[in-house]
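Since the structure comes first, as structure tokens, the remarks are kept for the end.
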Amino acid sequence: MESESESGAAADTPPLETLSFHGDEEIIEVVELDPGPPDPADDLAQEMEDVDFEEEEEEEGNEEGWVLEPQEGVVGSMEGPDDSEVTFALHSASVFCVSLDPKTNTLAVTGGEDDKAFVWRLSDGELLFECAGHKDSVTCAGFSHDSTLVATGDMSGLLKVWQVDTKEEVWSFEAGDLEWMEWHPRAPVLLAGTADGNTWMWKVPNGDCKTFQGPNCPATCGRVLPDGKRAVVGYEDGTIRIWDLKQGSPIHVLKGTEGHQGPLTCVATNQDGSLILTGSVDCQAKLVSATTGKVVGVFRPETVASQPSLGEGEESESNSVESLGFCSVMPLAAVGYLDGTLAIYDLATQTLRHQCQHQSGIVQLLWEAGTAVVYTCSLDGIVRLWDARTGRLLTDYRGHTAEILDFALSKDASLVVTTSGDHKAKVFCVQRPDR
């Protein structure tokens, strides 16, 4: 790519050979892997603990607090009760993405069709700062592992990073059209996939960069594995690659019958990173061993089980896998489909355990940590909580007047934060009788 970092990185910077990012001795301690006998993952974790990351205390701010009232004149088809505690209404168009700061879960960042991104406080909707300068819809936003940095990315491929405590922009870069973006789980390293098939990795804020070249088609989804040394990336041509982030080479490539017969839409890993689940517009969810790169299971909804195989480039008109994830306490996986089906699969027997029907398409699902409860948000503007052991609907939360486009769950599962086509983000307090 010819792009240069707006922070002034020279175009002729030699390619990086390792994740350690040459020239920064402190970060070399962070990510240099010990090839000796001890377990590399343990070494990496220990090295990460030795890094002195700045830990800024969150500001308490205004004691009065306030809640933005819903805007007048927003057209919506789902009027009704509003169960939310806080409404954030500074966006002037659909709000596409939301992420919570992982350290304290007190801040949210949202991005929208209005080319804007905002960092705001969950307790009262108070705006902390605007992530200004985007000129296209902001479709990706997220905080670094230690909550000190926040990144925003727009459809055109402009990425920006801000320091949360000073509210100042510290880095920016123009890549190709953006498909996905994610922070490394242990280091100030940002990854993104673009429409030209590349996966990018930058050290922030100095901008040292590596690229992982995929096929000549969009890198549609990606996820860094829990060990922080590998990433799984799905592509529009149905292929899946597991990348070694240090070596910059693919460890496994799944294509043909091993891959999908249509563009990938989502990817997830289990808690220890041993299993990967991939979803596609071909309506299949594939269970992949991260160690061997082999497909160990294939799931599809019963409603389309008899559907003939799709030809290359074809897509199912009525259905696709939209979101998926692993339960952390039971051998269960959840798959959400565009036709409104939530399927709970038993990984041990690879059988369908429950099928929960929604009135409209599922946009995203999230498992609650430490329980067998799965949350879904859907095109009907409702958040639902399901008991995956029984398939029973526990409760639902309403308040949006248009489809929910993204949502996030606090670590203690006390808050759900949603974004919607009604130009708003909402905070719901989760209260369940079963806990």
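Simple scheme: letters A, B, ... for chains in structure tokens order, numbers from 1 for residues in each chain, numbers from 1 for ligands in the order shown.
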Could you list, as an mmCIF file with N, CA and C atoms, in the first residue's frame, every residue within 12 Å of A:Phe428, counting only C-alpha atoms and ignoring same-chain residues fewer than 2 positions away?
data_model
loop_
_atom_site.group_PDB
_atom_site.id
_atom_site.type_symbol
_atom_site.label_atom_id
_atom_site.label_comp_id
_atom_site.auth_asym_id
_atom_site.auth_seq_id
_atom_site.Cartn_x
_atom_site.Cartn_y
_atom_site.Cartn_z
ATOM 1 N N ASP A 82 -40.115 2.438 27.038
ATOM 2 C CA ASP A 82 -38.662 2.611 27.014
ATOM 3 C C ASP A 82 -38.099 2.117 28.335
ATOM 4 N N ASP A 83 -37.436 0.968 28.303
ATOM 5 C CA ASP A 83 -36.876 0.367 29.505
ATOM 6 C C ASP A 83 -35.486 0.891 29.837
ATOM 7 N N SER A 84 -34.939 1.778 29.009
ATOM 8 C CA SER A 84 -33.557 2.204 29.203
ATOM 9 C C SER A 84 -33.430 3.184 30.356
ATOM 10 N N GLU A 85 -32.230 3.224 30.936
ATOM 11 C CA GLU A 85 -31.925 4.150 32.026
ATOM 12 C C GLU A 85 -31.309 5.442 31.508
ATOM 13 N N VAL A 86 -30.512 5.339 30.454
ATOM 14 C CA VAL A 86 -29.820 6.494 29.880
ATOM 15 C C VAL A 86 -29.960 6.436 28.367
ATOM 16 N N THR A 87 -30.202 7.591 27.753
ATOM 17 C CA THR A 87 -30.227 7.690 26.292
ATOM 18 C C THR A 87 -29.195 8.717 25.858
ATOM 19 N N PHE A 88 -28.317 8.312 24.947
ATOM 20 C CA PHE A 88 -27.314 9.214 24.380
ATOM 21 C C PHE A 88 -27.770 9.577 22.976
ATOM 22 N N LEU A 122 -21.279 6.194 30.834
ATOM 23 C CA LEU A 122 -22.473 5.350 30.884
ATOM 24 C C LEU A 122 -23.446 5.769 31.981
ATOM 25 N N SER A 123 -22.932 6.277 33.090
ATOM 26 C CA SER A 123 -23.788 6.538 34.247
ATOM 27 C C SER A 123 -24.827 7.608 33.973
ATOM 28 N N ASP A 124 -24.473 8.596 33.128
ATOM 29 C CA ASP A 124 -25.403 9.697 32.913
ATOM 30 C C ASP A 124 -25.432 10.212 31.478
ATOM 31 N N ILE A 382 -35.237 -4.897 19.839
ATOM 32 C CA ILE A 382 -35.382 -5.480 21.176
ATOM 33 C C ILE A 382 -34.131 -6.270 21.553
ATOM 34 N N VAL A 383 -33.715 -6.140 22.830
ATOM 35 C CA VAL A 383 -32.663 -6.984 23.400
ATOM 36 C C VAL A 383 -33.344 -8.110 24.167
ATOM 37 N N ARG A 384 -32.905 -9.336 23.940
ATOM 38 C CA ARG A 384 -33.492 -10.495 24.613
ATOM 39 C C ARG A 384 -32.415 -11.292 25.336
ATOM 40 N N ASP A 396 -36.802 -9.366 28.174
ATOM 41 C CA ASP A 396 -36.393 -8.537 27.042
ATOM 42 C C ASP A 396 -36.409 -7.076 27.451
ATOM 43 N N TYR A 397 -35.709 -6.268 26.676
ATOM 44 C CA TYR A 397 -35.594 -4.837 26.942
ATOM 45 C C TYR A 397 -35.914 -4.065 25.667
ATOM 46 N N ARG A 398 -36.782 -3.063 25.837
ATOM 47 C CA ARG A 398 -37.255 -2.288 24.691
ATOM 48 C C ARG A 398 -37.008 -0.805 24.919
ATOM 49 N N GLY A 399 -37.066 -0.060 23.849
ATOM 50 C CA GLY A 399 -36.867 1.378 23.954
ATOM 51 C C GLY A 399 -36.478 2.028 22.638
ATOM 52 N N HIS A 400 -35.876 1.261 21.743
ATOM 53 C CA HIS A 400 -35.511 1.818 20.439
ATOM 54 C C HIS A 400 -36.724 1.824 19.505
ATOM 55 N N PHE A 407 -24.434 -3.905 19.956
ATOM 56 C CA PHE A 407 -24.593 -3.767 21.393
ATOM 57 C C PHE A 407 -23.378 -4.308 22.122
ATOM 58 N N ALA A 408 -23.247 -3.899 23.382
ATOM 59 C CA ALA A 408 -22.121 -4.323 24.213
ATOM 60 C C ALA A 408 -22.652 -4.638 25.607
ATOM 61 N N LEU A 409 -21.935 -5.512 26.292
ATOM 62 C CA LEU A 409 -22.352 -5.992 27.608
ATOM 63 C C LEU A 409 -21.229 -5.732 28.596
ATOM 64 N N SER A 410 -21.577 -5.155 29.758
ATOM 65 C CA SER A 410 -20.556 -4.908 30.774
ATOM 66 C C SER A 410 -20.059 -6.230 31.346
ATOM 67 N N ALA A 413 -22.244 -7.952 33.617
ATOM 68 C CA ALA A 413 -23.558 -8.177 33.001
ATOM 69 C C ALA A 413 -24.658 -7.346 33.650
ATOM 70 N N SER A 414 -24.283 -6.221 34.237
ATOM 71 C CA SER A 414 -25.304 -5.356 34.840
ATOM 72 C C SER A 414 -25.839 -4.324 33.852
ATOM 73 N N LEU A 415 -25.103 -4.083 32.778
ATOM 74 C CA LEU A 415 -25.506 -3.083 31.786
ATOM 75 C C LEU A 415 -25.426 -3.643 30.376
ATOM 76 N N VAL A 416 -26.404 -3.289 29.562
ATOM 77 C CA VAL A 416 -26.356 -3.528 28.124
ATOM 78 C C VAL A 416 -26.422 -2.170 27.440
ATOM 79 N N VAL A 417 -25.512 -1.930 26.518
ATOM 80 C CA VAL A 417 -25.486 -0.665 25.778
ATOM 81 C C VAL A 417 -25.750 -0.967 24.309
ATOM 82 N N THR A 418 -26.742 -0.291 23.744
ATOM 83 C CA THR A 418 -27.192 -0.583 22.388
ATOM 84 C C THR A 418 -27.057 0.647 21.498
ATOM 85 N N THR A 419 -26.918 0.407 20.193
ATOM 86 C CA THR A 419 -26.967 1.492 19.211
ATOM 87 C C THR A 419 -27.989 1.125 18.144
ATOM 88 N N ALA A 425 -28.079 5.856 21.195
ATOM 89 C CA ALA A 425 -27.508 4.762 21.971
ATOM 90 C C ALA A 425 -28.222 4.747 23.309
ATOM 91 N N LYS A 426 -28.458 3.571 23.846
ATOM 92 C CA LYS A 426 -29.187 3.457 25.100
ATOM 93 C C LYS A 426 -28.453 2.525 26.064
ATOM 94 N N VAL A 430 -29.607 -4.363 33.611
ATOM 95 C CA VAL A 430 -30.098 -5.733 33.542
ATOM 96 C C VAL A 430 -30.425 -6.225 34.947
ATOM 97 N N GLN A 431 -31.678 -6.577 35.151
ATOM 98 C CA GLN A 431 -32.109 -7.129 36.438
ATOM 99 C C GLN A 431 -32.801 -8.453 36.159
#
At most 12 Å is the cut-off: for each residue in stretch 229-274 of chain A with any atom that close to an atom of stretch 183-186 of chain A, write down the nearest atom pair and the distance in Å rounded to one decimal, counting only C-alpha atoms, chain first then increasing number, as CSV.
residue,atom,partner,partner_atom,distance
A:Lys229,CA,A:His184,CA,9.3
A:Arg230,CA,A:His184,CA,10.1
A:Ala231,CA,A:His184,CA,9.6
A:Leu245,CA,A:His184,CA,10.6
Notebook entry, point to check: Which residues come within 8 Å of stretch 333-348 of chain A, counting only C-alpha atoms, excluding same-chain residues fewer than 5 positions away, as a PyMOL selection string?
Noted result: chain A and resi 283+285+299+301+318-327+353-365+374+378+388+391
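Computed from the coordinates, the atom CA of A:Leu264 to atom CA of A:Cys217 distance equals 11.5 Å.
The protein and nucleic acid residues lying at most 9 Å from A:Gly256 are Gly238, Thr239, Gly259, His260 and Gln261 of chain A, with only C-alpha atoms considered and sequence neighbours fewer than 3 positions away removed.
Note that the spacing between atom CA of A:Thr139 and atom CA of A:Ile242 amounts to 24.1 Å.
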Margin query: Let's see if you can do this: from backbone DSSP, list all strand (DSSP E) residues in stretch 85-301 of chain A, as a PyMOL selection string.
Written below: chain A and resi 86-88+95-100+107-112+117-121+127-130+138-143+149-154+158-163+168-174+178-183+189-194+198-203+209-213+219-224+230-235+240-244+249-254+264-269+275-280+285-289+295-299
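For the atom pair formed by atom CA of A:Lys246 and atom CA of A:Asp154, the distance is 26.9 Å, given to one decimal.
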Item checked: Residue neighbourhood A:Glu403, 6 Å, only C-alpha atoms, exclusion window fewer than 2 positions, as a ChimeraX atom specification -> /A:379-381,420-421
Checklist line | Residue among A:Asn216, A:Thr152, A:Thr395, A:Thr211 lying closest to A:Gly197, counting only C-alpha atoms | finding: A:Asn216
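In terms of minimum interatomic distance to A:Cys221, A:Ser280 ranks closest within A:Thr148, A:Thr371, A:Ser280, A:Asn206, counting only C-alpha atoms.
Restricting the calculation to only C-alpha atoms, the smallest distance between A:Asp177 and any of A:Ala151, A:Val161, A:Cys140, A:Leu352 is found for A:Cys140.
Of the listed residues (A:Arg223, A:Arg241, A:Arg121, A:Lys116), A:Lys116 comes nearest to A:Ser92; the distances count only C-alpha atoms.
Of the listed residues (A:Cys266, A:Leu287, A:Leu393, A:Ala132), A:Cys266 comes nearest to A:Glu236; the distances count only C-alpha atoms.
Shortest separation to A:Asp114 among A:Asp282, A:Asp101, A:Glu130, A:Asp136 occurs at residue A:Asp136, atoms counted being only C-alpha atoms.
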